[in-house]
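Asks: Once you've had a glance at the structure underneath, I'll fire off some questions.
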Amino acid sequence: MRAHYLKMIKDSESMVRKFLPEQVLDPENEYFGGFRDPDGLIQAKFTIYRINTMMGLYCNEESSFYNSEQLEKSIFIALDFLHRVQNESGLFDYIDCNFNSAPDTAFCVKRLLPSWQWLESHKNEYSPADVKCVFYGKISDIISKAADGMAVRGGFHTPNHRWAIASILMECGKCFDRPEWGKAARAYLNEGIDCNEDGEYAEKSAGNYNRINNDAMITIGDCTGDQAYYGHAIRNLRMMLTYIEPDGSIFTANSTRQDNGCRIYPVDYYTEYLRMGHDFDIPEFLDMANRIFQIIDEKKLEAPDYLMWMMNNQKLIDVEHEGSYVQPDFACFYKDSGISRTHSGAITWTLLQGKSNFLYFTNGSMVIEMKLAGSFCEHRAFVPEKMEPNDALKSSCYGKASGKGRPGCLLSQTMHGWYYLPFDEKPDTTDWWKMDNASRKKLHGPDINFEVSVEEVSDEDGLGLDVRIKTGGVKSAPFRVELACSGAERVFSDAFEVPASPGSAVIVKSGFVSFADSCSEIKVGPAFAEHRFTNGKFGSEKKSVTCVTVYFTDFIPFERLIKIRNIR
């Protein structure tokens with residue numbers, strides 16, 4: 001992967017030129033040596049990331065910054081800044097969130113370790129007066145103090161934090177010959193790894209924390225020699241192949257973390273696909289490593305900031321693999337994750353359990369998101385409680401659908417209505433907010449039942465989906481089908497045509513409506529409009545400000561078939 005390695009050097013050089021002016025150079029400033037992030041904050045983690053990039057170039061003979069006096073001074077004062085802001089506990093603060101934080105310290109150390117490992121492996125080449133020996137000593141002190149802090153104090157907030165701390169403690173214990181750090185890591189590993197059979201971690205964070213967890217699993221596997229840890233990463237990387245959208249981005253709508261709904265490309269998965277593909281002879285992983293750099297070129301992104309990691313893994317620089325990952329047709333039902341992902345020809349579609357945005361349909365240039373919304377007691381939208389696969393998906397696995405017919409699922413929910421009843425005994429207070437309302441008896445009912453059947457269909461109009469909606473229970477409750485489309489340039493039918501302006505909306509009364517850009521069209525319908533109540537009551541999700549939204553409206557009970565077809 002030498003071409004990738006050379007691009008890392010080039011892009012790292014570009015990054016350094018951009019961020020050097022953000023270093024605080026006033027010796028009288030308390031933040032002297034630190035780097036300002038885009039929000040103007042100066043803290044350890046961001047500065048360490050900058051040190052990592054600079055060290056890769058400073059130590060690399062193929063870089064124009066090799067042994068650069070400018071970088072030497074910049075790294076020196078940045079390391080001094082870290083010494084000053086490192087707490088007595090050894091832990092670092094993440095000043096916009098966590099203080100004396102073991103997990104954030106783990107993330108900091110993770111970025112410092114590659115520089116330490118490079119300097120450690122080359123220390124016999126330098127004289128005691130060489131500044132690289134000074135760097136080695138300073139980084140060793142920082143890491144050693146930080147590892148002590150993680151081992152003694154510890155503590156975490158989220159599932160992935162456990163593996164970040166455990167993996168770095170194990171790696172530091174191995175590098176510094178401190179077995180007590182490895183022992184401290186075992187307390188976290190004793191809880192068991194939260195990676196299910198599909199390869200999904202608890203946070204379902206395809207855009208970010210999956211790869212954080214994978215890195216940790218690979219590190220723990222390296223330190224323990226236990227192949228099971230590699231297995232978690234490999235399962236997740238296989239699953240992630242089915243999360244790649246036609247435009248090369250990652251599907252993130254089911255994430256429980258801050259990457260939810262964000263457009264993120266799999267750049268930072270590169271080293272994992274490369275390492276696991278090489279070590280376990282998995283061609284499609286090496287294909288994906290190549291595909292990631294194609295995406296980087298297509299989207300004009302920066303190469304992953306892993307130059308020093310590559311320098312420590314020379315064998316991976318020398319790997320040459322010609323293939324590039326091409327998305328095969330697949331149909332996957334991940335029961336524990338509550339998601340179904342299907343790719344057929346030019347379309348990819350997704351169903352989600354437990355989400356109001358339960359359906360996504362894309363042809364690569366446009367994305368349609370479907371909701372079924374209304375107001376019933378405290379409920380504001382259909383949120384599938386159950387998702388049952390049809391025969392084609394029941395035994396599905398990566399790469400293909402098993403069974404008969406076309407992939408599909410039945411999603412269902414019962415919305416329960418209820419009302420409080422008066423207390424049997426007079427309460428101690430007249431203040432509603434101080435009353436024990438949770439203990440009140442309730443009058444239950446009425447209910448609304450929803451069944452939504454989604455199945456892939458191919459007919460004379462093209463490949464797409466049939467969405468059958470059946471509702472029952474109360475009468476006359478106004479509900480709406482929301483179709484929010486991003487990427488479209490215009491919306492039209494036989495009766496109208498309007499620009500697809502972000503934040504705009506239209507209620508369509510009949511016939512089919514099309515979303516189109518310059519090269520493709522998605523047709524949806526037949527439309528229906530029995531009312532104009534589209535805003536919902538207090539607590540309803542707001543209309544998208546980035547999409548154009550089409551509404552179909554009706555009253556409970558109703559049965560409707562909505563066809564979604566990729567026309568061209």
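Ordering of the structure tokens sets the chain letters (A, B, ...); residue numbers start at 1 within each chain; ligands are numbered from 1 in the order shown.
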Which residues are close to A:Pro283, i.e. within 9 Å by only C-alpha atoms, leaving aside same-chain residues fewer than 6 positions away? Reply as number ranges by chain.

Replies: A: 277, 321, 323

Asks: Per DSSP on the backbone, filter stretch 203-232 of chain A down to the residues in alpha helix (DSSP H) and report them as a ChimeraX atom specification.

Replies: /A:209-224,227-232

Asks: Could you write those residues out with N, CA and C atoms, as an mmCIF file, in the first residue's frame?

Replies:
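Once everything was written out, this is part12.cif:
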data_model
loop_
_atom_site.group_PDB
_atom_site.id
_atom_site.type_symbol
_atom_site.label_atom_id
_atom_site.label_comp_id
_atom_site.auth_asym_id
_atom_site.auth_seq_id
_atom_site.Cartn_x
_atom_site.Cartn_y
_atom_site.Cartn_z
ATOM 1 N N TYR A 209 -17.782 4.982 16.938
ATOM 2 C CA TYR A 209 -17.291 4.144 18.027
ATOM 3 C C TYR A 209 -17.088 2.680 17.655
ATOM 4 N N ASN A 210 -17.685 2.225 16.572
ATOM 5 C CA ASN A 210 -17.359 0.868 16.117
ATOM 6 C C ASN A 210 -15.860 0.741 15.849
ATOM 7 N N ARG A 211 -15.313 1.716 15.171
ATOM 8 C CA ARG A 211 -13.885 1.616 14.831
ATOM 9 C C ARG A 211 -13.015 1.850 16.064
ATOM 10 N N ILE A 212 -13.487 2.666 17.023
ATOM 11 C CA ILE A 212 -12.768 2.823 18.287
ATOM 12 C C ILE A 212 -12.696 1.478 19.005
ATOM 13 N N ASN A 213 -13.834 0.781 19.057
ATOM 14 C CA ASN A 213 -13.878 -0.536 19.693
ATOM 15 C C ASN A 213 -13.008 -1.548 18.949
ATOM 16 N N ASN A 214 -13.059 -1.506 17.622
ATOM 17 C CA ASN A 214 -12.242 -2.434 16.842
ATOM 18 C C ASN A 214 -10.756 -2.249 17.129
ATOM 19 N N ASP A 215 -10.325 -0.995 17.159
ATOM 20 C CA ASP A 215 -8.918 -0.720 17.480
ATOM 21 C C ASP A 215 -8.545 -1.314 18.833
ATOM 22 N N ALA A 216 -9.450 -1.146 19.803
ATOM 23 C CA ALA A 216 -9.185 -1.676 21.142
ATOM 24 C C ALA A 216 -9.109 -3.196 21.124
ATOM 25 N N MET A 217 -10.025 -3.843 20.399
ATOM 26 C CA MET A 217 -10.017 -5.306 20.341
ATOM 27 C C MET A 217 -8.728 -5.830 19.703
ATOM 28 N N ILE A 218 -8.282 -5.169 18.652
ATOM 29 C CA ILE A 218 -7.047 -5.584 17.978
ATOM 30 C C ILE A 218 -5.850 -5.419 18.918
ATOM 31 N N THR A 219 -5.809 -4.308 19.643
ATOM 32 C CA THR A 219 -4.717 -4.080 20.594
ATOM 33 C C THR A 219 -4.720 -5.135 21.692
ATOM 34 N N ILE A 220 -5.908 -5.425 22.247
ATOM 35 C CA ILE A 220 -5.997 -6.432 23.311
ATOM 36 C C ILE A 220 -5.596 -7.806 22.773
ATOM 37 N N GLY A 221 -5.985 -8.099 21.538
ATOM 38 C CA GLY A 221 -5.558 -9.353 20.915
ATOM 39 C C GLY A 221 -4.045 -9.425 20.789
ATOM 40 N N ASP A 222 -3.431 -8.310 20.395
ATOM 41 C CA ASP A 222 -1.965 -8.264 20.282
ATOM 42 C C ASP A 222 -1.303 -8.511 21.634
ATOM 43 N N CYS A 223 -1.877 -7.924 22.680
ATOM 44 C CA CYS A 223 -1.245 -7.987 24.006
ATOM 45 C C CYS A 223 -1.469 -9.318 24.712
ATOM 46 N N THR A 224 -2.616 -9.935 24.462
ATOM 47 C CA THR A 224 -2.947 -11.179 25.161
ATOM 48 C C THR A 224 -2.674 -12.427 24.342
ATOM 49 N N GLN A 227 -7.041 -14.910 20.273
ATOM 50 C CA GLN A 227 -7.612 -14.647 18.949
ATOM 51 C C GLN A 227 -9.067 -14.182 19.019
ATOM 52 N N ALA A 228 -9.754 -14.459 20.102
ATOM 53 C CA ALA A 228 -11.163 -14.084 20.206
ATOM 54 C C ALA A 228 -11.348 -12.573 20.082
ATOM 55 N N TYR A 229 -10.377 -11.816 20.569
ATOM 56 C CA TYR A 229 -10.502 -10.362 20.477
ATOM 57 C C TYR A 229 -10.433 -9.885 19.032
ATOM 58 N N TYR A 230 -9.571 -10.509 18.235
ATOM 59 C CA TYR A 230 -9.556 -10.197 16.804
ATOM 60 C C TYR A 230 -10.908 -10.536 16.178
ATOM 61 N N GLY A 231 -11.518 -11.616 16.662
ATOM 62 C CA GLY A 231 -12.797 -12.055 16.105
ATOM 63 C C GLY A 231 -13.877 -11.000 16.221
ATOM 64 N N HIS A 232 -13.896 -10.265 17.340
ATOM 65 C CA HIS A 232 -14.885 -9.197 17.491
ATOM 66 C C HIS A 232 -14.689 -8.138 16.401
#

Asks: Rank A:Ile556, A:Ala488, A:Ala346, A:Met370 by their smallest atom-to-atom distance to A:Arg568, using only C-alpha atoms, and report the top residue only.

Replies: A:Ala346

Asks: So, counting only C-alpha atoms, which residue among A:Ser89, A:Thr553, A:Asn566, A:Ser486 is closest to A:Ser514?

Replies: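 For A:Ser514, the nearest of the given residues is A:Asn566.
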
Asks: Which residues are near A:Lys18? Cut-off 12 Å, only C-alpha atoms, ignore same chain within fewer than 6 positions. Put them as a PDB file with N, CA, C and O atoms, in the first residue's frame.

Replies:
ATOM      1  N   ASP A  11      -0.492  14.447   2.616  1.00  0.00           N
ATOM      2  CA  ASP A  11      -1.607  15.095   3.312  1.00  0.00           C
ATOM      3  C   ASP A  11      -1.211  15.529   4.715  1.00  0.00           C
ATOM      4  O   ASP A  11      -1.702  16.548   5.221  1.00  0.00           O
ATOM      5  N   SER A  12      -0.322  14.783   5.352  1.00  0.00           N
ATOM      6  CA  SER A  12       0.171  15.195   6.670  1.00  0.00           C
ATOM      7  C   SER A  12       0.955  16.500   6.552  1.00  0.00           C
ATOM      8  O   SER A  12       0.846  17.386   7.410  1.00  0.00           O
ATOM      9  N   PHE A  35      -2.208  23.882  21.073  1.00  0.00           N
ATOM     10  CA  PHE A  35      -2.823  24.207  19.784  1.00  0.00           C
ATOM     11  C   PHE A  35      -4.302  24.534  19.975  1.00  0.00           C
ATOM     12  O   PHE A  35      -5.010  23.828  20.692  1.00  0.00           O
ATOM     13  N   ARG A  36      -4.754  25.584  19.299  1.00  0.00           N
ATOM     14  CA  ARG A  36      -6.171  25.944  19.324  1.00  0.00           C
ATOM     15  C   ARG A  36      -6.947  25.031  18.383  1.00  0.00           C
ATOM     16  O   ARG A  36      -6.561  24.844  17.229  1.00  0.00           O
ATOM     17  N   ASP A  37      -8.077  24.511  18.898  1.00  0.00           N
ATOM     18  CA  ASP A  37      -8.938  23.722  18.012  1.00  0.00           C
ATOM     19  C   ASP A  37      -9.888  24.676  17.277  1.00  0.00           C
ATOM     20  O   ASP A  37      -9.851  25.901  17.496  1.00  0.00           O
ATOM     21  N   PRO A  38     -10.746  24.180  16.381  1.00  0.00           N
ATOM     22  CA  PRO A  38     -11.620  25.089  15.615  1.00  0.00           C
ATOM     23  C   PRO A  38     -12.528  25.955  16.476  1.00  0.00           C
ATOM     24  O   PRO A  38     -13.006  26.997  16.025  1.00  0.00           O
ATOM     25  N   ARG A  50      -1.929  16.790  17.221  1.00  0.00           N
ATOM     26  CA  ARG A  50      -1.007  17.581  16.381  1.00  0.00           C
ATOM     27  C   ARG A  50       0.435  17.082  16.535  1.00  0.00           C
ATOM     28  O   ARG A  50       1.185  17.015  15.556  1.00  0.00           O
ATOM     29  N   THR A  53       0.960  13.975  14.364  1.00  0.00           N
ATOM     30  CA  THR A  53       1.154  14.279  12.945  1.00  0.00           C
ATOM     31  C   THR A  53       2.550  14.836  12.694  1.00  0.00           C
ATOM     32  O   THR A  53       3.239  14.433  11.736  1.00  0.00           O
ATOM     33  N   MET A  54       2.989  15.754  13.542  1.00  0.00           N
ATOM     34  CA  MET A  54       4.313  16.359  13.365  1.00  0.00           C
ATOM     35  C   MET A  54       5.427  15.336  13.546  1.00  0.00           C
ATOM     36  O   MET A  54       6.410  15.335  12.797  1.00  0.00           O
TER      37      MET A  54
END

Asks: Neighbours of A:Ser63 within 10 Å (only C-alpha atoms; same-chain residues fewer than 2 positions away dropped), as a list in words?

Replies: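 The neighbour list is Leu6, Ile9, Lys10, Ser12, Glu13, Gly56, Leu57, Tyr58, Cys59, Asn60, Glu61, Phe65, Tyr66, Asn67 and Ser68 of chain A.
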
Asks: Could you please write out, as an MDAnalysis selection string, every residue of stretch 151-399 of chain A that DSSP assigns to strand (DSSP E)?

Replies: chainID A and resid 330:334 339:344 347:352 359:362 367:376 379:381 386:389

Asks: What lies within 12 Å of A:Thr350 using only C-alpha atoms, ignoring chain neighbours under 3 positions off, as a ChimeraX atom specification?

Replies: /A:242-245,251-254,330-334,338-344,347,353,355,357-362,367-370,407-409,454-456,465

Asks: Could you give me, as a list in words, the residues within 6 Å of stretch 442-444 of chain A, counting only C-alpha atoms and dropping anything in the same chain fewer than 5 positions from it?

Replies: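 With the cut-off at 6 Å, the set is Trp418, Tyr419, Tyr420 and Leu421 of chain A.
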
Asks: Neighbouring residues of stretch 515-525 of chain A were defined as those with any atom within 7 Å, considering only C-alpha atoms; residues of the same chain fewer than 6 positions away were excluded. Please report them as an MDAnalysis selection string.

Replies: chainID A and resid 488:492 562:568

Asks: With C-alpha atoms retained, export the selected residues as a PDB file, in the first residue's frame.

Replies:
ATOM      1  CA  ALA A 488     -33.336  16.084  -5.171  1.00  0.00           C
ATOM      2  CA  GLU A 489     -33.388  19.155  -7.400  1.00  0.00           C
ATOM      3  CA  ARG A 490     -37.109  19.178  -8.195  1.00  0.00           C
ATOM      4  CA  VAL A 491     -40.387  17.559  -7.160  1.00  0.00           C
ATOM      5  CA  PHE A 492     -43.115  17.000  -9.728  1.00  0.00           C
ATOM      6  CA  ILE A 562     -47.308   3.213  -1.239  1.00  0.00           C
ATOM      7  CA  LYS A 563     -44.998   2.288  -4.089  1.00  0.00           C
ATOM      8  CA  ILE A 564     -41.421   3.563  -4.194  1.00  0.00           C
ATOM      9  CA  ARG A 565     -39.664   2.982  -7.502  1.00  0.00           C
ATOM     10  CA  ASN A 566     -36.244   3.928  -8.798  1.00  0.00           C
ATOM     11  CA  ILE A 567     -37.147   5.058 -12.323  1.00  0.00           C
ATOM     12  CA  ARG A 568     -33.734   5.925 -13.683  1.00  0.00           C
TER      13      ARG A 568
END

Asks: What separation in Å, quoted to one decimal, exists between atom CA of A:Gly487 and atom CA of A:Ser365?

Replies: 6.1 Å

Asks: Taking into account only C-alpha atoms, which residue in the set A:Ala187, A:Cys547, A:Cys175, A:Met415 is nearest to A:Trp163?

Replies: A:Ala187
